[in-house]
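As stored in input18.txt (compact mmCIF, C-alpha atoms and all ligand atoms):
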```
# COMPACT_ATOMS: atom_id res chain seq x y z
CA MET I 1349 -97.58 62.25 157.96
CA ALA I 1350 -100.04 60.62 160.31
CA ASN I 1351 -99.08 58.90 163.51
CA PRO I 1352 -98.60 55.13 163.29
CA ILE I 1353 -101.66 53.19 164.29
CA LYS I 1354 -100.80 50.91 167.20
CA SER I 1355 -102.79 47.89 166.09
CA GLU I 1356 -101.40 47.96 162.55
CA TYR I 1357 -99.02 45.33 161.21
CA PHE I 1358 -95.81 46.51 159.64
CA ILE I 1359 -93.58 45.06 157.02
CA PHE I 1360 -91.18 46.66 154.62
CA LYS I 1361 -89.60 44.77 151.76
CA GLY I 1362 -85.83 44.49 151.99
CA SER I 1363 -85.64 46.15 155.38
CA VAL I 1364 -83.47 45.31 158.38
CA LEU I 1365 -86.65 44.33 160.16
CA GLU I 1366 -87.55 41.81 157.47
CA ARG I 1367 -84.18 40.12 157.85
CA MET I 1368 -84.56 40.01 161.64
CA VAL I 1369 -88.00 38.46 161.55
CA ALA I 1370 -87.95 34.65 161.67
CA SER I 1371 -88.55 33.12 158.26
CA GLY I 1372 -92.18 32.52 157.56
CA THR I 1373 -93.33 35.54 159.52
CA LYS I 1374 -95.06 37.92 157.16
CA SER I 1375 -95.57 40.87 159.46
CA VAL I 1376 -94.91 42.17 162.94
CA THR I 1377 -96.96 44.02 165.51
CA TYR I 1378 -96.27 47.49 166.82
CA GLU I 1379 -94.79 46.00 170.03
CA GLN I 1380 -92.44 43.72 168.06
CA LEU I 1381 -91.37 46.65 165.89
CA ASN I 1382 -90.65 48.71 168.99
CA ARG I 1383 -88.61 45.87 170.53
CA PHE I 1384 -86.57 45.40 167.34
CA ALA I 1385 -85.89 49.13 167.20
CA HIS I 1386 -84.65 49.21 170.81
CA LYS I 1387 -82.30 46.32 170.09
CA ILE I 1388 -81.08 47.28 166.62
CA LEU I 1389 -80.79 51.07 166.58
CA PRO I 1390 -78.31 51.53 169.47
CA GLU I 1391 -76.17 48.68 168.02
CA GLN I 1392 -76.30 50.14 164.53
CA THR I 1393 -75.49 53.64 165.80
CA LYS I 1394 -72.36 52.25 167.47
CA LYS I 1395 -71.34 50.51 164.21
CA VAL I 1396 -71.87 53.64 162.08
CA TYR I 1397 -70.07 55.75 164.69
CA GLU I 1398 -67.06 53.39 164.66
CA LEU I 1399 -66.91 53.36 160.85
CA MET I 1400 -67.11 57.14 160.65
CA THR I 1401 -64.52 57.60 163.40
CA LYS I 1402 -62.08 55.35 161.51
CA LYS I 1403 -62.79 56.90 158.12
CA ILE I 1404 -63.12 60.64 158.73
CA ILE I 1405 -60.77 63.21 160.21
CA VAL I 1406 -62.53 66.46 161.12
CA ARG I 1407 -60.59 69.69 161.55
CA ASP I 1408 -61.75 72.92 163.12
CA ALA I 1409 -61.54 76.32 161.41
CA SER I 1410 -57.88 76.71 162.40
CA GLY I 1411 -56.98 73.32 160.94
CA GLU I 1412 -56.63 71.50 164.25
CA VAL I 1413 -57.88 67.91 164.30
CA ILE I 1414 -61.04 67.59 166.42
CA ASN I 1415 -60.71 64.69 168.81
CA ASN I 1416 -63.60 62.19 168.63
CA PRO I 1417 -65.93 64.51 166.68
CA PHE I 1418 -68.85 62.06 166.46
CA ALA I 1419 -68.93 61.15 170.17
CA TYR I 1420 -72.50 60.85 171.43
CA ARG I 1421 -73.92 60.14 174.87
CA ARG I 1422 -77.02 58.04 174.41
CA VAL I 1423 -79.57 56.94 171.85
CA ALA I 1424 -83.29 57.25 172.62
CA ILE I 1425 -85.87 55.51 170.45
CA LYS I 1426 -88.91 57.62 169.56
CA ASN I 1427 -92.13 56.90 167.80
CA ASN I 1428 -92.93 60.01 165.88
CA ALA I 1429 -94.03 60.96 162.41
CA SER I 1430 -92.25 64.29 162.11
CA ASN I 1431 -88.62 63.25 161.71
CA TRP I 1432 -86.28 60.28 161.32
CA GLY I 1433 -83.90 61.53 163.94
CA SER I 1434 -82.59 64.48 165.87
CA CYS I 1435 -79.83 65.32 168.30
CA SER I 1436 -79.33 67.75 171.13
CA SER I 1437 -76.50 70.04 172.15
CA GLN I 1438 -75.96 67.59 175.04
CA ARG I 1439 -74.93 65.09 172.31
CA ASN I 1440 -77.91 62.81 172.84
CA MET I 1441 -79.55 61.26 169.80
CA ASN I 1442 -83.19 60.49 169.13
CA LEU I 1443 -83.96 57.94 166.45
CA ASN I 1444 -87.33 57.01 165.01
CA MET I 1445 -88.26 53.38 165.67
CA HIS I 1446 -89.52 53.08 162.07
CA LEU I 1447 -85.92 53.29 160.83
CA VAL I 1448 -85.76 49.50 161.14
CA ARG I 1449 -88.34 49.32 158.35
CA LEU I 1450 -85.81 50.80 155.92
CA PRO I 1451 -83.05 49.05 153.99
CA GLU I 1452 -79.81 49.06 156.00
CA ALA I 1453 -78.06 51.61 153.74
CA LEU I 1454 -80.83 54.15 154.33
CA MET I 1455 -81.01 53.45 158.06
CA ASN I 1456 -77.23 54.02 158.23
CA TYR I 1457 -77.58 57.19 156.17
CA VAL I 1458 -80.03 58.67 158.69
CA ILE I 1459 -77.78 57.68 161.61
CA ALA I 1460 -74.73 59.20 159.87
CA HIS I 1461 -76.68 62.42 159.25
CA GLU I 1462 -77.44 62.73 162.97
CA LEU I 1463 -73.85 61.92 163.96
CA CYS I 1464 -72.63 64.67 161.59
CA HIS I 1465 -74.90 67.11 163.40
CA LEU I 1466 -72.72 66.54 166.48
CA VAL I 1467 -70.00 68.36 164.53
CA TYR I 1468 -72.17 70.92 162.71
CA PHE I 1469 -75.62 71.64 164.12
CA ASP I 1470 -76.83 73.02 160.78
CA HIS I 1471 -76.99 71.98 157.11
CA SER I 1472 -74.02 74.12 156.12
CA LYS I 1473 -71.52 73.45 153.35
CA GLN I 1474 -69.20 71.95 155.96
CA PHE I 1475 -71.93 69.62 157.15
CA HIS I 1476 -72.55 68.31 153.61
CA ALA I 1477 -68.79 67.99 153.05
CA ILE I 1478 -68.58 65.55 155.95
CA MET I 1479 -71.71 63.70 154.82
CA ASN I 1480 -70.24 63.30 151.35
CA ALA I 1481 -66.98 62.02 152.82
CA VAL I 1482 -68.92 59.52 154.92
CA THR I 1483 -71.11 58.35 152.01
CA ASP I 1484 -68.42 58.46 149.29
CA GLY I 1485 -70.18 61.32 147.53
CA ARG I 1486 -73.61 59.69 147.62
CA GLU I 1487 -75.41 62.01 150.04
CA LYS I 1488 -77.83 63.41 147.45
CA ALA I 1489 -78.56 59.97 145.98
CA LEU I 1490 -79.22 58.52 149.43
CA GLU I 1491 -81.47 61.45 150.31
CA ARG I 1492 -83.51 60.82 147.14
CA ALA I 1493 -83.68 57.09 147.91
CA LEU I 1494 -84.82 57.83 151.46
CA LYS I 1495 -87.65 60.05 150.20
CA LYS I 1496 -88.75 57.30 147.80
CA ALA I 1497 -88.49 54.48 150.32
CA THR I 1498 -90.10 56.28 153.25
CA PRO I 1499 -92.81 53.96 154.50
CA ASP I 1500 -96.11 55.49 155.47
CA ILE I 1501 -95.54 56.24 159.14
ZN ZN I 1601 -80.20 67.50 159.60
```
Have the structure of the file written as C-alpha cells, please.
Amino acid sequence: MANPIKSEYFIFKGSVLERMVASGTKSVTYEQLNRFAHKILPEQTKKVYELMTKKIIVRDASGEVINNPFAYRRVAIKNNASNWGSCSSQRNMNLNMHLVRLPEALMNYVIAHELCHLVYFDHSKQFHAIMNAVTDGREKALERALKKATPDI
C-alpha cells in the first residue's frame, strides 16, 4: 500500500468521517482528516475500552480474574500505510488516522483488536477467544469486511 498523498481529498461512504463532516461537504483535506482522527480516535478508544471492560472478564492461566485487563496508557495517531494499529509492551496504542474513513463497526473492531493485544501480545487461540467474546462471535466476519472496505491508503 502506498503512502497517502498529502494534497489528496478523502471521503469514504458511510464512514465516521462522513457523518462528522458538515452536510454539503463532499470531501476533506489531509489536514482535516488528521484533525478528525486526533479528536475521534482517543474518544472512540475510551468508549470501546469501557464497553469491553463491562462485558468481558479475563482470567489468567490459574483461573484468577485479571484486574482491568484492557488498561492502556495513551493513544497516538499515526499516518502509515503498513497497519491499522499496534500496541507496545508499555501499553501504549498507535492508531492509523485513516481509521476514521471506515464505518464505525470496523473502526471499533480495529480498536478492540489492539486492546485485546494488551492481554495477549500474539494471535493465539486465547486472543481470538477474547475477540469473539467482544464481537459476539463475529471476528472472522468483521475481518473479512475490513479487508473489503479498506480504503486505498
Ligand atoms: Zn494483531
Requested in this report: For a cut-off of 12 Å around (-68.4, 67.9, 159.2), file coordinates, pick out all residues using only C-alpha atoms and list them as an NGL selection string.
Outcome: :I and (1400-1401 or 1404-1409 or 1413-1414 or 1417-1418 or 1460-1482)
Requested in this report: Work out how far apart atom CA of I:Asn1382 and atom CA of I:Ala1429 are and give it in Å to one decimal.
Outcome: 14.3 Å
List every protein, DNA or RNA residue that has at least one atom no more than 12 Å from (-83.5, 58.4, 166.3) in the file's coordinates, counting only C-alpha atoms, and write the result as a PDB file with C-alpha atoms, in the frame of the given file.
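For reference, result-v4.pdb as written:
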```pdb
ATOM      1  CA  ALA I1385     -85.890  49.130 167.200  1.00  0.00           C
ATOM      2  CA  HIS I1386     -84.650  49.210 170.810  1.00  0.00           C
ATOM      3  CA  ILE I1388     -81.080  47.280 166.620  1.00  0.00           C
ATOM      4  CA  LEU I1389     -80.790  51.070 166.580  1.00  0.00           C
ATOM      5  CA  PRO I1390     -78.310  51.530 169.470  1.00  0.00           C
ATOM      6  CA  GLN I1392     -76.300  50.140 164.530  1.00  0.00           C
ATOM      7  CA  THR I1393     -75.490  53.640 165.800  1.00  0.00           C
ATOM      8  CA  ARG I1422     -77.020  58.040 174.410  1.00  0.00           C
ATOM      9  CA  VAL I1423     -79.570  56.940 171.850  1.00  0.00           C
ATOM     10  CA  ALA I1424     -83.290  57.250 172.620  1.00  0.00           C
ATOM     11  CA  ILE I1425     -85.870  55.510 170.450  1.00  0.00           C
ATOM     12  CA  LYS I1426     -88.910  57.620 169.560  1.00  0.00           C
ATOM     13  CA  ASN I1427     -92.130  56.900 167.800  1.00  0.00           C
ATOM     14  CA  ASN I1428     -92.930  60.010 165.880  1.00  0.00           C
ATOM     15  CA  ALA I1429     -94.030  60.960 162.410  1.00  0.00           C
ATOM     16  CA  SER I1430     -92.250  64.290 162.110  1.00  0.00           C
ATOM     17  CA  ASN I1431     -88.620  63.250 161.710  1.00  0.00           C
ATOM     18  CA  TRP I1432     -86.280  60.280 161.320  1.00  0.00           C
ATOM     19  CA  GLY I1433     -83.900  61.530 163.940  1.00  0.00           C
ATOM     20  CA  SER I1434     -82.590  64.480 165.870  1.00  0.00           C
ATOM     21  CA  CYS I1435     -79.830  65.320 168.300  1.00  0.00           C
ATOM     22  CA  SER I1436     -79.330  67.750 171.130  1.00  0.00           C
ATOM     23  CA  ASN I1440     -77.910  62.810 172.840  1.00  0.00           C
ATOM     24  CA  MET I1441     -79.550  61.260 169.800  1.00  0.00           C
ATOM     25  CA  ASN I1442     -83.190  60.490 169.130  1.00  0.00           C
ATOM     26  CA  LEU I1443     -83.960  57.940 166.450  1.00  0.00           C
ATOM     27  CA  ASN I1444     -87.330  57.010 165.010  1.00  0.00           C
ATOM     28  CA  MET I1445     -88.260  53.380 165.670  1.00  0.00           C
ATOM     29  CA  HIS I1446     -89.520  53.080 162.070  1.00  0.00           C
ATOM     30  CA  LEU I1447     -85.920  53.290 160.830  1.00  0.00           C
ATOM     31  CA  VAL I1448     -85.760  49.500 161.140  1.00  0.00           C
ATOM     32  CA  MET I1455     -81.010  53.450 158.060  1.00  0.00           C
ATOM     33  CA  ASN I1456     -77.230  54.020 158.230  1.00  0.00           C
ATOM     34  CA  TYR I1457     -77.580  57.190 156.170  1.00  0.00           C
ATOM     35  CA  VAL I1458     -80.030  58.670 158.690  1.00  0.00           C
ATOM     36  CA  ILE I1459     -77.780  57.680 161.610  1.00  0.00           C
ATOM     37  CA  ALA I1460     -74.730  59.200 159.870  1.00  0.00           C
ATOM     38  CA  HIS I1461     -76.680  62.420 159.250  1.00  0.00           C
ATOM     39  CA  GLU I1462     -77.440  62.730 162.970  1.00  0.00           C
ATOM     40  CA  LEU I1463     -73.850  61.920 163.960  1.00  0.00           C
TER      41      LEU I1463
END
```
Requested in this report: Between I:Ala1453, I:Leu1365, I:Lys1496, I:Glu1491, single out the one closest to ligand ZN 1601 (chain I), counting only C-alpha atoms and all ligand atoms.
Outcome: I:Glu1491
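Put simply, atom CA of I:Glu1487 is 16.8 Å away from atom CA of I:Tyr1397.
Atom CA of I:Leu1450 to atom CA of I:Val1376 spans 14.4 Å [interatomic distance, one decimal].
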Box along x, y and z, 4 Å on every side, all listed atoms of stretch 1382-1400 of chain I inside: centre and edge lengths in Å to one decimal, as JSON.
```
{"center_x": -78.8, "center_y": 51.3, "center_z": 165.7, "size_x": 31.7, "size_y": 19.7, "size_z": 18.2}
```
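Between I:Leu1399 and the candidates I:Gln1380, I:Ser1363, I:Gln1438, I:Thr1483, the tightest atom-to-atom separation, counting all atoms listed in the file, involves I:Thr1483.
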How about completing stretch 1375-1398 of chain I with N, CA and C atoms and giving it to me as a compact mmCIF listing (two decimals), keeping the file's coordinate frame?
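Generated file (result03.txt):
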```txt
# COMPACT_ATOMS: atom_id res chain seq x y z
N SER I 1375 -95.44 39.52 158.93
CA SER I 1375 -95.57 40.87 159.46
C SER I 1375 -95.32 40.87 160.96
N VAL I 1376 -95.14 42.04 161.50
CA VAL I 1376 -94.91 42.17 162.94
C VAL I 1376 -95.88 43.19 163.54
N THR I 1377 -96.08 43.07 164.83
CA THR I 1377 -96.96 44.02 165.51
C THR I 1377 -96.17 45.27 165.90
N TYR I 1378 -96.89 46.25 166.33
CA TYR I 1378 -96.27 47.49 166.82
C TYR I 1378 -95.27 47.18 167.94
N GLU I 1379 -95.66 46.32 168.89
CA GLU I 1379 -94.79 46.00 170.03
C GLU I 1379 -93.51 45.32 169.57
N GLN I 1380 -93.63 44.40 168.59
CA GLN I 1380 -92.44 43.72 168.06
C GLN I 1380 -91.52 44.73 167.36
N LEU I 1381 -92.13 45.61 166.60
CA LEU I 1381 -91.37 46.65 165.89
C LEU I 1381 -90.59 47.51 166.89
N ASN I 1382 -91.26 47.88 167.94
CA ASN I 1382 -90.65 48.71 168.99
C ASN I 1382 -89.48 47.97 169.65
N ARG I 1383 -89.68 46.68 169.93
CA ARG I 1383 -88.61 45.87 170.53
C ARG I 1383 -87.41 45.77 169.61
N PHE I 1384 -87.66 45.48 168.34
CA PHE I 1384 -86.57 45.40 167.34
C PHE I 1384 -85.79 46.72 167.32
N ALA I 1385 -86.52 47.81 167.30
CA ALA I 1385 -85.89 49.13 167.20
C ALA I 1385 -84.98 49.37 168.41
N HIS I 1386 -85.46 49.00 169.61
CA HIS I 1386 -84.65 49.21 170.81
C HIS I 1386 -83.40 48.35 170.81
N LYS I 1387 -83.47 47.19 170.17
CA LYS I 1387 -82.30 46.32 170.09
C LYS I 1387 -81.35 46.80 168.99
N ILE I 1388 -81.91 47.06 167.81
CA ILE I 1388 -81.08 47.28 166.62
C ILE I 1388 -80.48 48.68 166.56
N LEU I 1389 -81.26 49.69 166.85
CA LEU I 1389 -80.79 51.07 166.58
C LEU I 1389 -79.59 51.49 167.42
N PRO I 1390 -79.54 51.18 168.73
CA PRO I 1390 -78.31 51.53 169.47
C PRO I 1390 -77.09 50.76 168.94
N GLU I 1391 -77.27 49.49 168.59
CA GLU I 1391 -76.17 48.68 168.02
C GLU I 1391 -75.68 49.28 166.72
N GLN I 1392 -76.65 49.62 165.86
CA GLN I 1392 -76.30 50.14 164.53
C GLN I 1392 -75.65 51.52 164.63
N THR I 1393 -76.09 52.31 165.59
CA THR I 1393 -75.49 53.64 165.80
C THR I 1393 -74.02 53.47 166.18
N LYS I 1394 -73.75 52.51 167.04
CA LYS I 1394 -72.36 52.25 167.47
C LYS I 1394 -71.51 51.84 166.26
N LYS I 1395 -72.07 50.97 165.41
CA LYS I 1395 -71.34 50.51 164.21
C LYS I 1395 -71.03 51.68 163.28
N VAL I 1396 -72.05 52.50 162.99
CA VAL I 1396 -71.87 53.64 162.08
C VAL I 1396 -70.87 54.62 162.69
N TYR I 1397 -70.99 54.86 163.97
CA TYR I 1397 -70.07 55.75 164.69
C TYR I 1397 -68.63 55.25 164.55
N GLU I 1398 -68.42 53.95 164.74
CA GLU I 1398 -67.06 53.39 164.66
C GLU I 1398 -66.49 53.50 163.24
```
